[in-house]
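Student: Sharing query_6.cif, mmCIF, C-alpha atoms:
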```
data_data
#
loop_
_atom_site.group_PDB
_atom_site.id
_atom_site.type_symbol
_atom_site.label_atom_id
_atom_site.label_comp_id
_atom_site.auth_asym_id
_atom_site.auth_seq_id
_atom_site.Cartn_x
_atom_site.Cartn_y
_atom_site.Cartn_z
ATOM 1 C CA MET H 1 17.072 174.828 51.462
ATOM 2 C CA ALA H 2 13.463 173.733 51.588
ATOM 3 C CA PHE H 3 14.573 170.295 50.399
ATOM 4 C CA LEU H 4 17.090 170.046 53.255
ATOM 5 C CA LEU H 5 14.516 171.148 55.793
ATOM 6 C CA LYS H 6 12.109 168.550 54.476
ATOM 7 C CA ARG H 7 14.840 165.883 54.834
ATOM 8 C CA ALA H 8 15.633 167.017 58.366
ATOM 9 C CA GLY H 9 11.957 166.996 59.192
ATOM 10 C CA CYS H 10 11.608 163.456 57.878
ATOM 11 C CA ALA H 11 14.625 162.372 59.893
ATOM 12 C CA LEU H 12 13.209 163.982 63.049
ATOM 13 C CA ALA H 13 9.837 162.335 62.479
ATOM 14 C CA LEU H 14 11.561 159.004 62.020
ATOM 15 C CA LEU H 15 13.528 159.456 65.270
ATOM 16 C CA ALA H 16 10.381 160.485 67.122
ATOM 17 C CA ALA H 17 8.643 157.364 65.867
ATOM 18 C CA LEU H 18 11.540 155.157 66.869
ATOM 19 C CA ALA H 19 12.288 156.721 70.256
ATOM 20 C CA PRO H 20 9.297 155.336 72.195
ATOM 21 C CA ALA H 21 9.964 151.910 70.676
ATOM 22 C CA ALA H 22 13.590 152.094 71.829
ATOM 23 C CA GLN H 23 12.503 152.981 75.375
ATOM 24 C CA ALA H 24 9.995 150.088 75.448
ATOM 25 C CA ALA H 25 12.536 147.453 74.260
ATOM 26 C CA PRO H 26 13.165 144.884 77.087
ATOM 27 C CA ALA H 27 16.645 144.582 78.682
ATOM 28 C CA ALA H 28 18.667 141.609 77.475
ATOM 29 C CA PRO H 29 18.413 138.560 79.764
ATOM 30 C CA ALA H 30 21.053 138.650 82.485
ATOM 31 C CA VAL H 31 23.317 135.877 83.760
ATOM 32 C CA HIS H 32 23.545 135.463 87.521
ATOM 33 C CA THR H 33 26.228 133.392 89.236
ATOM 34 C CA ILE H 34 25.696 131.578 92.510
ATOM 35 C CA LEU H 35 28.814 130.111 94.117
ATOM 36 C CA ILE H 36 28.713 126.827 95.998
ATOM 37 C CA ASP H 37 31.529 127.213 98.486
ATOM 38 C CA GLY H 38 32.235 125.874 101.958
ATOM 39 C CA MET H 39 28.907 124.003 101.972
ATOM 40 C CA ARG H 40 26.912 127.175 101.251
ATOM 41 C CA PHE H 41 25.063 128.743 98.339
ATOM 42 C CA ILE H 42 26.401 132.283 97.976
ATOM 43 C CA PRO H 43 24.389 134.475 97.892
ATOM 44 C CA GLN H 44 21.734 132.598 99.820
ATOM 45 C CA THR H 45 18.881 134.537 98.231
ATOM 46 C CA VAL H 46 19.018 135.651 94.620
ATOM 47 C CA GLU H 47 16.416 137.654 92.724
ATOM 48 C CA VAL H 48 16.275 137.245 88.953
ATOM 49 C CA LYS H 49 13.874 138.040 86.108
ATOM 50 C CA ALA H 50 12.031 135.386 84.130
ATOM 51 C CA GLY H 51 14.234 134.643 81.130
ATOM 52 C CA ASP H 52 17.489 135.258 83.034
ATOM 53 C CA THR H 53 20.063 132.506 83.310
ATOM 54 C CA VAL H 54 21.354 131.352 86.690
ATOM 55 C CA VAL H 55 24.711 129.582 86.875
ATOM 56 C CA TRP H 56 25.704 127.587 89.955
ATOM 57 C CA ARG H 57 29.490 127.192 90.163
ATOM 58 C CA ASN H 58 30.789 124.516 92.558
ATOM 59 C CA LYS H 59 33.980 125.614 94.308
ATOM 60 C CA ASP H 60 33.896 122.787 96.855
ATOM 61 C CA PRO H 61 36.100 119.702 96.391
ATOM 62 C CA PHE H 62 33.098 117.341 96.096
ATOM 63 C CA PRO H 63 29.762 117.274 94.219
ATOM 64 C CA HIS H 64 26.596 119.133 95.150
ATOM 65 C CA THR H 65 23.123 119.319 93.633
ATOM 66 C CA VAL H 66 20.439 121.985 93.267
ATOM 67 C CA MET H 67 16.876 120.765 93.833
ATOM 68 C CA ALA H 68 13.637 122.727 94.151
ATOM 69 C CA ALA H 69 9.938 122.341 93.565
ATOM 70 C CA ALA H 70 10.188 124.499 90.429
ATOM 71 C CA PRO H 71 9.990 122.888 86.993
ATOM 72 C CA GLY H 72 13.459 122.106 85.694
ATOM 73 C CA LEU H 73 15.203 123.359 88.838
ATOM 74 C CA ALA H 74 16.789 119.980 89.447
ATOM 75 C CA SER H 75 20.440 119.525 88.641
ATOM 76 C CA PRO H 76 22.440 116.353 88.245
ATOM 77 C CA PRO H 77 25.406 116.097 90.650
ATOM 78 C CA ILE H 78 27.581 119.135 89.928
ATOM 79 C CA ALA H 79 31.195 117.971 90.206
ATOM 80 C CA ALA H 80 33.943 119.902 91.987
ATOM 81 C CA GLY H 81 34.858 122.845 89.776
ATOM 82 C CA ALA H 82 31.894 122.328 87.460
ATOM 83 C CA SER H 83 28.856 124.528 86.772
ATOM 84 C CA TRP H 84 25.174 124.056 86.035
ATOM 85 C CA ARG H 85 22.934 126.507 84.156
ATOM 86 C CA TYR H 86 19.219 127.083 84.607
ATOM 87 C CA LYS H 87 16.919 129.417 82.681
ATOM 88 C CA ALA H 88 14.451 131.039 85.050
ATOM 89 C CA ALA H 89 10.946 130.653 83.702
ATOM 90 C CA ARG H 90 7.930 131.033 85.960
ATOM 91 C CA ALA H 91 7.755 133.798 88.558
ATOM 92 C CA GLY H 92 7.826 132.726 92.177
ATOM 93 C CA ALA H 93 10.011 132.178 95.233
ATOM 94 C CA TYR H 94 11.703 128.770 95.072
ATOM 95 C CA PRO H 95 13.457 127.405 98.137
ATOM 96 C CA TYR H 96 16.058 124.873 97.051
ATOM 97 C CA LEU H 97 18.631 122.618 98.636
ATOM 98 C CA CYS H 98 21.500 120.273 97.940
ATOM 99 C CA THR H 99 20.104 116.728 98.048
ATOM 100 C CA LEU H 100 23.533 115.383 98.996
ATOM 101 C CA HIS H 101 23.928 117.766 101.941
ATOM 102 C CA SER H 102 20.434 118.705 102.990
ATOM 103 C CA THR H 103 21.582 121.289 105.528
ATOM 104 C CA MET H 104 22.474 123.480 102.522
ATOM 105 C CA THR H 105 19.440 125.576 101.688
ATOM 106 C CA ALA H 106 18.834 128.768 99.706
ATOM 107 C CA THR H 107 16.124 130.583 97.735
ATOM 108 C CA LEU H 108 15.754 131.595 94.118
ATOM 109 C CA VAL H 109 13.257 134.387 93.498
ATOM 110 C CA VAL H 110 12.016 134.798 89.938
ATOM 111 C CA LYS H 111 10.200 138.028 89.149
ATOM 112 C CA MET I 1 28.837 94.863 119.821
ATOM 113 C CA SER I 2 28.554 95.257 123.561
ATOM 114 C CA LYS I 3 27.772 98.705 124.902
ATOM 115 C CA PHE I 4 30.991 98.550 126.927
ATOM 116 C CA THR I 5 33.188 97.849 123.894
ATOM 117 C CA HIS I 6 31.443 100.603 122.023
ATOM 118 C CA LYS I 7 31.989 103.081 124.846
ATOM 119 C CA LEU I 8 35.628 102.019 125.008
ATOM 120 C CA LEU I 9 36.056 102.657 121.315
ATOM 121 C CA CYS I 10 34.445 106.090 121.530
ATOM 122 C CA ALA I 11 36.723 106.916 124.451
ATOM 123 C CA ALA I 12 39.707 105.791 122.388
ATOM 124 C CA ILE I 13 38.805 108.094 119.506
ATOM 125 C CA THR I 14 38.226 111.045 121.813
ATOM 126 C CA GLY I 15 41.463 110.187 123.614
ATOM 127 C CA ALA I 16 43.398 110.197 120.361
ATOM 128 C CA PHE I 17 42.175 113.661 119.516
ATOM 129 C CA ALA I 18 42.529 114.852 123.104
ATOM 130 C CA LEU I 19 46.211 113.997 122.831
ATOM 131 C CA ALA I 20 46.417 116.525 120.069
ATOM 132 C CA GLY I 21 45.021 119.242 122.304
ATOM 133 C CA SER I 22 47.147 118.436 125.303
ATOM 134 C CA ALA I 23 50.249 120.588 125.293
ATOM 135 C CA GLN I 24 52.005 118.374 127.824
ATOM 136 C CA ALA I 25 51.477 115.176 125.850
ATOM 137 C CA GLN I 26 53.159 116.359 122.626
ATOM 138 C CA THR I 27 54.271 119.457 120.758
ATOM 139 C CA ALA I 28 51.932 121.134 118.277
ATOM 140 C CA PRO I 29 51.964 119.510 114.797
ATOM 141 C CA ASP I 30 53.789 121.329 112.020
ATOM 142 C CA ASP I 31 52.248 121.827 108.550
ATOM 143 C CA ALA I 32 53.597 118.510 107.229
ATOM 144 C CA GLN I 33 52.075 116.680 110.190
ATOM 145 C CA ILE I 34 48.806 118.607 109.861
ATOM 146 C CA ALA I 35 48.628 117.449 106.242
ATOM 147 C CA GLY I 36 49.329 113.897 107.439
ATOM 148 C CA ILE I 37 46.536 114.129 110.015
ATOM 149 C CA VAL I 38 44.056 115.436 107.416
ATOM 150 C CA VAL I 39 44.875 112.622 104.980
ATOM 151 C CA ALA I 40 44.653 110.010 107.754
ATOM 152 C CA ALA I 41 41.341 111.400 109.025
ATOM 153 C CA ASN I 42 39.808 111.357 105.534
ATOM 154 C CA THR I 43 41.168 107.891 104.724
ATOM 155 C CA VAL I 44 39.735 106.395 107.922
ATOM 156 C CA ASP I 45 36.267 107.628 106.986
ATOM 157 C CA ILE I 46 36.603 106.540 103.366
ATOM 158 C CA ASN I 47 37.467 103.006 104.490
ATOM 159 C CA ALA I 48 34.568 102.848 106.947
ATOM 160 C CA GLY I 49 32.212 104.228 104.309
ATOM 161 C CA GLN I 50 33.288 101.673 101.713
ATOM 162 C CA LEU I 51 32.663 98.855 104.182
ATOM 163 C CA ALA I 52 29.236 100.237 105.141
ATOM 164 C CA GLU I 53 28.232 100.704 101.499
ATOM 165 C CA LYS I 54 29.000 97.035 100.952
ATOM 166 C CA MET I 55 27.614 95.612 104.188
ATOM 167 C CA SER I 56 24.556 97.678 105.069
ATOM 168 C CA LYS I 57 21.102 96.753 103.802
ATOM 169 C CA ASP I 58 19.598 100.062 104.931
ATOM 170 C CA ALA I 59 19.061 102.592 102.128
ATOM 171 C CA GLY I 60 19.677 105.596 104.398
ATOM 172 C CA VAL I 61 22.902 104.168 105.828
ATOM 173 C CA LYS I 62 24.161 103.143 102.363
ATOM 174 C CA SER I 63 23.420 106.610 101.018
ATOM 175 C CA PHE I 64 25.220 108.255 103.938
ATOM 176 C CA ALA I 65 28.189 105.909 103.545
ATOM 177 C CA ARG I 66 28.390 106.695 99.815
ATOM 178 C CA GLN I 67 28.368 110.399 100.654
ATOM 179 C CA MET I 68 31.216 109.918 103.126
ATOM 180 C CA VAL I 69 33.297 108.153 100.484
ATOM 181 C CA THR I 70 32.579 110.827 97.844
ATOM 182 C CA ASP I 71 33.141 113.828 100.102
ATOM 183 C CA HIS I 72 36.218 112.592 101.963
ATOM 184 C CA THR I 73 37.797 111.409 98.705
ATOM 185 C CA GLY I 74 37.220 114.900 97.301
ATOM 186 C CA VAL I 75 38.760 116.569 100.342
ATOM 187 C CA ASN I 76 41.766 114.231 100.189
ATOM 188 C CA LYS I 77 42.221 115.020 96.510
ATOM 189 C CA GLN I 78 42.160 118.732 97.318
ATOM 190 C CA ALA I 79 44.606 118.225 100.209
ATOM 191 C CA SER I 80 46.968 116.211 97.973
ATOM 192 C CA ALA I 81 46.923 118.893 95.305
ATOM 193 C CA LEU I 82 47.663 121.547 97.912
ATOM 194 C CA VAL I 83 50.611 119.767 99.546
ATOM 195 C CA LYS I 84 52.039 119.091 96.082
ATOM 196 C CA LYS I 85 51.752 122.794 95.268
ATOM 197 C CA LEU I 86 53.307 123.776 98.612
ATOM 198 C CA LYS I 87 56.026 121.119 98.229
ATOM 199 C CA VAL I 88 55.095 119.626 101.615
ATOM 200 C CA THR I 89 55.215 115.880 102.253
ATOM 201 C CA PRO I 90 52.497 114.725 104.675
ATOM 202 C CA ALA I 91 54.300 113.432 107.778
ATOM 203 C CA ASP I 92 53.286 110.945 110.425
ATOM 204 C CA SER I 93 52.541 112.014 113.964
ATOM 205 C CA ASP I 94 51.211 110.378 117.111
ATOM 206 C CA LEU I 95 47.780 111.647 116.141
ATOM 207 C CA SER I 96 47.826 110.378 112.559
ATOM 208 C CA LYS I 97 49.067 107.005 113.791
ATOM 209 C CA SER I 98 46.384 106.680 116.466
ATOM 210 C CA LEU I 99 43.746 107.683 113.908
ATOM 211 C CA LYS I 100 44.878 104.840 111.660
ATOM 212 C CA THR I 101 44.949 102.399 114.586
ATOM 213 C CA GLY I 102 41.510 103.507 115.735
ATOM 214 C CA GLY I 103 40.206 103.285 112.190
ATOM 215 C CA ASP I 104 41.509 99.737 111.786
ATOM 216 C CA ALA I 105 40.000 98.742 115.142
ATOM 217 C CA ASN I 106 36.630 100.145 114.059
ATOM 218 C CA LEU I 107 36.741 98.207 110.781
ATOM 219 C CA ALA I 108 37.671 94.982 112.596
ATOM 220 C CA LYS I 109 34.783 95.445 115.013
ATOM 221 C CA LEU I 110 32.293 96.309 112.217
ATOM 222 C CA ARG I 111 33.291 93.172 110.292
ATOM 223 C CA THR I 112 31.971 91.026 113.198
ATOM 224 C CA LEU I 113 28.517 92.615 112.910
ATOM 225 C CA LYS I 114 25.638 92.536 110.486
ATOM 226 C CA GLY I 115 22.160 93.913 109.921
ATOM 227 C CA LYS I 116 20.885 96.550 112.339
ATOM 228 C CA ASP I 117 23.789 95.921 114.747
ATOM 229 C CA PHE I 118 26.218 96.834 111.986
ATOM 230 C CA ASP I 119 24.236 99.937 111.010
ATOM 231 C CA LYS I 120 24.011 101.218 114.570
ATOM 232 C CA ALA I 121 27.699 100.626 115.305
ATOM 233 C CA TYR I 122 28.730 102.279 112.033
ATOM 234 C CA VAL I 123 26.541 105.348 112.559
ATOM 235 C CA ASP I 124 27.413 105.702 116.269
ATOM 236 C CA HIS I 125 31.085 105.686 115.317
ATOM 237 C CA GLU I 126 30.507 108.237 112.558
ATOM 238 C CA VAL I 127 28.846 110.645 115.024
ATOM 239 C CA ALA I 128 31.689 110.345 117.555
ATOM 240 C CA TYR I 129 34.315 110.440 114.824
ATOM 241 C CA HIS I 130 33.083 113.562 113.050
ATOM 242 C CA GLN I 131 32.685 115.375 116.360
ATOM 243 C CA SER I 132 36.273 114.501 117.220
ATOM 244 C CA VAL I 133 37.555 115.656 113.847
ATOM 245 C CA ILE I 134 35.748 118.989 114.229
ATOM 246 C CA ASP I 135 37.245 119.393 117.714
ATOM 247 C CA ALA I 136 40.725 118.612 116.353
ATOM 248 C CA LEU I 137 40.250 121.141 113.545
ATOM 249 C CA ASP I 138 39.200 123.816 116.024
ATOM 250 C CA LYS I 139 41.710 123.123 118.802
ATOM 251 C CA THR I 140 44.788 121.873 116.975
ATOM 252 C CA LEU I 141 44.877 121.849 113.185
ATOM 253 C CA ILE I 142 43.523 125.311 112.320
ATOM 254 C CA PRO I 143 45.280 127.192 115.162
ATOM 255 C CA ASN I 144 48.643 125.575 114.372
ATOM 256 C CA ALA I 145 48.611 125.733 110.569
ATOM 257 C CA LYS I 146 51.404 128.113 109.528
ATOM 258 C CA ASN I 147 50.830 128.246 105.774
ATOM 259 C CA ALA I 148 47.904 130.573 104.969
ATOM 260 C CA GLU I 149 46.563 128.412 102.135
ATOM 261 C CA LEU I 150 46.650 125.289 104.300
ATOM 262 C CA LYS I 151 44.857 127.130 107.096
ATOM 263 C CA ASP I 152 42.271 128.465 104.632
ATOM 264 C CA THR I 153 41.654 124.974 103.240
ATOM 265 C CA LEU I 154 41.142 123.594 106.763
ATOM 266 C CA VAL I 155 38.687 126.388 107.577
ATOM 267 C CA LYS I 156 36.802 125.810 104.313
ATOM 268 C CA THR I 157 36.631 122.057 104.965
ATOM 269 C CA ARG I 158 35.148 122.395 108.453
ATOM 270 C CA PRO I 159 31.536 122.990 107.249
ATOM 271 C CA ALA I 160 31.602 119.675 105.397
ATOM 272 C CA PHE I 161 32.401 117.831 108.620
ATOM 273 C CA VAL I 162 29.655 119.736 110.414
ATOM 274 C CA ALA I 163 27.151 118.743 107.708
ATOM 275 C CA HIS I 164 28.313 115.120 107.952
ATOM 276 C CA LEU I 165 27.873 115.202 111.719
ATOM 277 C CA GLU I 166 24.324 116.567 111.334
ATOM 278 C CA HIS I 167 23.468 113.875 108.819
ATOM 279 C CA ALA I 168 24.936 111.144 111.038
ATOM 280 C CA LYS I 169 23.004 112.439 114.053
ATOM 281 C CA GLN I 170 19.766 112.416 112.042
ATOM 282 C CA LEU I 171 20.415 108.784 111.101
ATOM 283 C CA GLN I 172 21.347 107.964 114.687
ATOM 284 C CA SER I 173 18.056 109.394 115.970
ATOM 285 C CA THR I 174 16.137 106.931 113.779
ATOM 286 C CA MET I 175 18.038 104.051 115.286
ATOM 287 C CA LYS I 176 17.372 104.499 118.998
#
```
Will you turn the file into structure tokens for me?
Tutor:
Amino acid sequence: MAFLLKRAGCALALLAALAPAAQAAPAAPAVHTILIDGMRFIPQTVEVKAGDTVVWRNKDPFPHTVMAAAPGLASPPIAAGASWRYKAARAGAYPYLCTLHSTMTATLVVK
Amino acid sequence: MSKFTHKLLCAAITGAFALAGSAQAQTAPDDAQIAGIVVAANTVDINAGQLAEKMSKDAGVKSFARQMVTDHTGVNKQASALVKKLKVTPADSDLSKSLKTGGDANLAKLRTLKGKDFDKAYVDHEVAYHQSVIDALDKTLIPNAKNAELKDTLVKTRPAFVAHLEHAKQLQSTMK
């Protein structure tokens, strides 16, 4: 009986030690999708965390680009039906546009 | 080209599209004719863009022309895929025919020009042309499209023409 109690106690102690660590573990990076459709970026403003991946999916019948003043936030022409992935790095608010159709503007916010 | 000839050409384009809106002049186009008008409208701009890409020495005009070719080719490809899916054969109409005639006349006129005269004539035509296409979409093509997918495609395409018009106007403002 004492042996079992000791075992249970050890198990409890182990759980107690682990629990705070489990709470502090960061959430897995998320993937956010932005649609390029009808000459718009949808949604027009997206908020992501540093480390998250952002995917732009082009649903228009011709190419678009994504260009901002953030490092690496510069896509090649994204063909009709194609996608482009970007890993958000530095925090900040990054206005971006399509260099082929400069009336298309949007913002990526990295927290 | 002379200002008069240019004005005449612009009037001709507007007239062609005005025909489409006038109920007395002709009956509303059916889906096959709407498809024919869309293909004709895109093809006219592709042809003008290809000529401008070749002829213009201005980086901004060349870039715009290249964009017209890329975008209108993409829209035509989408339109072709849709009519194939819907088992519709694009049909001729007075409007599609006058678009082709107007397009050919524009090309013939542009071929007599070079340098800044060419650029100005090309861009002026692009402004008038895209405005007319948007008007036709709003007054004739979208309201008369019976098939929901065709109508949806026309509605989705409209913003591209608006963006083209904006771009053309920006170019035009640098050429006054």
Student: Rounded to one decimal place, report the CA of Ala50 in chain H-CA of Val110 in chain H distance in Å.
Tutor: 5.8 Å
Student: Nearest residue to Arg158 in chain I out of I:Asn47, I:Ile34, I:Asp138, I:Thr174, using only C-alpha atoms?
Tutor: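 Among the listed residues, the smallest separation from Arg158 in chain I belongs to I:Asp138.
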Student: Can you measure CA of Glu53 in chain I to CA of Lys114 in chain I for me? One decimal in Å is fine.
Tutor: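 Interatomic distance, CA of Glu53 in chain I to CA of Lys114 in chain I: 12.4 Å.
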Student: Please enclose the listed atoms of range 87-102 of chain I in an axis-aligned box, pad each side by 4 Å, and write out the centre and the three edge lengths in Å, rounded to one decimal, as JSON.
Tutor:
```
{"center_x": 48.8, "center_y": 111.8, "center_z": 107.7, "size_x": 22.5, "size_y": 26.7, "size_z": 26.9}
```
Student: Report the distance between CA of Val162 in chain I and CA of Ile134 in chain I in Å, rounded to one decimal place.
Tutor: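 Taking CA of Val162 in chain I as the start and CA of Ile134 in chain I as the end point, the length is 7.2 Å.
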Student: Please determine the contact residues of chain I with respect to chain H at a cut-off of 7 Å, counting all atoms listed in the file, and supply them as an MDAnalysis selection string.
Tutor: chainID I and resid 70:71 74:75 78 156:157 159:160 163
Student: Can you list, as a list in words, every protein, DNA or RNA residue that comes within 7 Å of Pro95 in chain H when you count all atoms listed in the file, leaving out same-chain residues fewer than 3 positions away?
Tutor: Ala68, Ala106, Thr107 and Leu108 of chain H
Student: What would the file look like if the residues just selected were written as an mmCIF file, in the coordinates of the input with C-alpha atoms?
Tutor:
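Generated file (again27.cif):
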```cif
data_model
loop_
_atom_site.group_PDB
_atom_site.id
_atom_site.type_symbol
_atom_site.label_atom_id
_atom_site.label_comp_id
_atom_site.auth_asym_id
_atom_site.auth_seq_id
_atom_site.Cartn_x
_atom_site.Cartn_y
_atom_site.Cartn_z
ATOM 1 C CA ALA H 68 13.637 122.727 94.151
ATOM 2 C CA ALA H 106 18.834 128.768 99.706
ATOM 3 C CA THR H 107 16.124 130.583 97.735
ATOM 4 C CA LEU H 108 15.754 131.595 94.118
#
```
Student: Could you list the residues chosen by the PyMOL selection byres ((chain I and resi 45) around 9) in this structure as a PyMOL selection string?
Tutor: chain I and resi 40-44+46-50+65+68-69+72+103+126+129
Student: Kindly indicate which residue among I:Lys54, I:Lys97, I:Thr27, I:Ile13 lies nearest to Val39 in chain I, using only C-alpha atoms for the distances.
Tutor: I:Lys97
Student: Please supply range 36-57 of chain H, rebuilt with N, CA, C and O atoms, as a JSON list (two decimals), in the frame of the given file.
Tutor:
```json
[["chain", "number", "residue", "atom", "x", "y", "z"],
["H", 36, "ILE", "N", 28.90, 127.86, 94.98],
["H", 36, "ILE", "CA", 28.71, 126.83, 96.00],
["H", 36, "ILE", "C", 30.08, 126.66, 96.63],
["H", 36, "ILE", "O", 31.03, 126.18, 95.99],
["H", 37, "ASP", "N", 30.20, 127.14, 97.87],
["H", 37, "ASP", "CA", 31.53, 127.21, 98.49],
["H", 37, "ASP", "C", 31.42, 126.99, 99.98],
["H", 37, "ASP", "O", 30.56, 127.60, 100.63],
["H", 38, "GLY", "N", 32.26, 126.14, 100.52],
["H", 38, "GLY", "CA", 32.24, 125.87, 101.96],
["H", 38, "GLY", "C", 30.87, 125.41, 102.43],
["H", 38, "GLY", "O", 30.37, 125.82, 103.47],
["H", 39, "MET", "N", 30.22, 124.57, 101.64],
["H", 39, "MET", "CA", 28.91, 124.00, 101.97],
["H", 39, "MET", "C", 27.81, 125.07, 102.04],
["H", 39, "MET", "O", 26.85, 124.93, 102.80],
["H", 40, "ARG", "N", 27.96, 126.15, 101.27],
["H", 40, "ARG", "CA", 26.91, 127.18, 101.25],
["H", 40, "ARG", "C", 26.62, 127.60, 99.81],
["H", 40, "ARG", "O", 27.48, 127.49, 98.95],
["H", 41, "PHE", "N", 25.40, 128.10, 99.61],
["H", 41, "PHE", "CA", 25.06, 128.74, 98.34],
["H", 41, "PHE", "C", 25.25, 130.25, 98.58],
["H", 41, "PHE", "O", 24.66, 130.80, 99.49],
["H", 42, "ILE", "N", 26.10, 130.87, 97.76],
["H", 42, "ILE", "CA", 26.40, 132.28, 97.98],
["H", 42, "ILE", "C", 26.10, 133.09, 96.71],
["H", 42, "ILE", "O", 26.70, 132.81, 95.67],
["H", 43, "PRO", "N", 25.18, 134.05, 96.74],
["H", 43, "PRO", "CA", 24.39, 134.48, 97.89],
["H", 43, "PRO", "C", 23.25, 133.50, 98.20],
["H", 43, "PRO", "O", 22.84, 132.74, 97.32],
["H", 44, "GLN", "N", 22.74, 133.56, 99.40],
["H", 44, "GLN", "CA", 21.73, 132.60, 99.82],
["H", 44, "GLN", "C", 20.38, 132.90, 99.20],
["H", 44, "GLN", "O", 19.56, 132.00, 99.03],
["H", 45, "THR", "N", 20.12, 134.17, 98.92],
["H", 45, "THR", "CA", 18.88, 134.54, 98.23],
["H", 45, "THR", "C", 19.25, 135.35, 97.00],
["H", 45, "THR", "O", 20.03, 136.30, 97.08],
["H", 46, "VAL", "N", 18.74, 134.94, 95.87],
["H", 46, "VAL", "CA", 19.02, 135.65, 94.62],
["H", 46, "VAL", "C", 17.70, 135.98, 93.94],
["H", 46, "VAL", "O", 16.80, 135.13, 93.87],
["H", 47, "GLU", "N", 17.61, 137.21, 93.43],
["H", 47, "GLU", "CA", 16.42, 137.65, 92.72],
["H", 47, "GLU", "C", 16.76, 137.82, 91.25],
["H", 47, "GLU", "O", 17.71, 138.54, 90.92],
["H", 48, "VAL", "N", 16.01, 137.14, 90.39],
["H", 48, "VAL", "CA", 16.27, 137.24, 88.95],
["H", 48, "VAL", "C", 14.97, 137.51, 88.23],
["H", 48, "VAL", "O", 13.89, 137.42, 88.82],
["H", 49, "LYS", "N", 15.08, 137.83, 86.91],
["H", 49, "LYS", "CA", 13.87, 138.04, 86.11],
["H", 49, "LYS", "C", 13.63, 136.77, 85.30],
["H", 49, "LYS", "O", 14.57, 136.05, 84.94],
["H", 50, "ALA", "N", 12.37, 136.51, 85.01],
["H", 50, "ALA", "CA", 12.03, 135.39, 84.13],
["H", 50, "ALA", "C", 12.78, 135.58, 82.82],
["H", 50, "ALA", "O", 12.80, 136.68, 82.27],
["H", 51, "GLY", "N", 13.43, 134.55, 82.35],
["H", 51, "GLY", "CA", 14.23, 134.64, 81.13],
["H", 51, "GLY", "C", 15.72, 134.77, 81.42],
["H", 51, "GLY", "O", 16.56, 134.51, 80.55],
["H", 52, "ASP", "N", 16.07, 135.16, 82.66],
["H", 52, "ASP", "CA", 17.49, 135.26, 83.03],
["H", 52, "ASP", "C", 18.06, 133.85, 83.19],
["H", 52, "ASP", "O", 17.33, 132.88, 83.42],
["H", 53, "THR", "N", 19.38, 133.78, 83.08],
["H", 53, "THR", "CA", 20.06, 132.51, 83.31],
["H", 53, "THR", "C", 20.76, 132.55, 84.67],
["H", 53, "THR", "O", 21.35, 133.58, 85.03],
["H", 54, "VAL", "N", 20.65, 131.46, 85.41],
["H", 54, "VAL", "CA", 21.35, 131.35, 86.69],
["H", 54, "VAL", "C", 22.41, 130.25, 86.56],
["H", 54, "VAL", "O", 22.11, 129.16, 86.05],
["H", 55, "VAL", "N", 23.63, 130.56, 86.95],
["H", 55, "VAL", "CA", 24.71, 129.58, 86.88],
["H", 55, "VAL", "C", 25.18, 129.27, 88.29],
["H", 55, "VAL", "O", 25.56, 130.16, 89.03],
["H", 56, "TRP", "N", 25.14, 128.00, 88.67],
["H", 56, "TRP", "CA", 25.70, 127.59, 89.96],
["H", 56, "TRP", "C", 27.10, 127.06, 89.68],
["H", 56, "TRP", "O", 27.30, 126.17, 88.84],
["H", 57, "ARG", "N", 28.11, 127.62, 90.37],
["H", 57, "ARG", "CA", 29.49, 127.19, 90.16],
["H", 57, "ARG", "C", 29.99, 126.54, 91.45],
["H", 57, "ARG", "O", 30.02, 127.18, 92.51]]
```
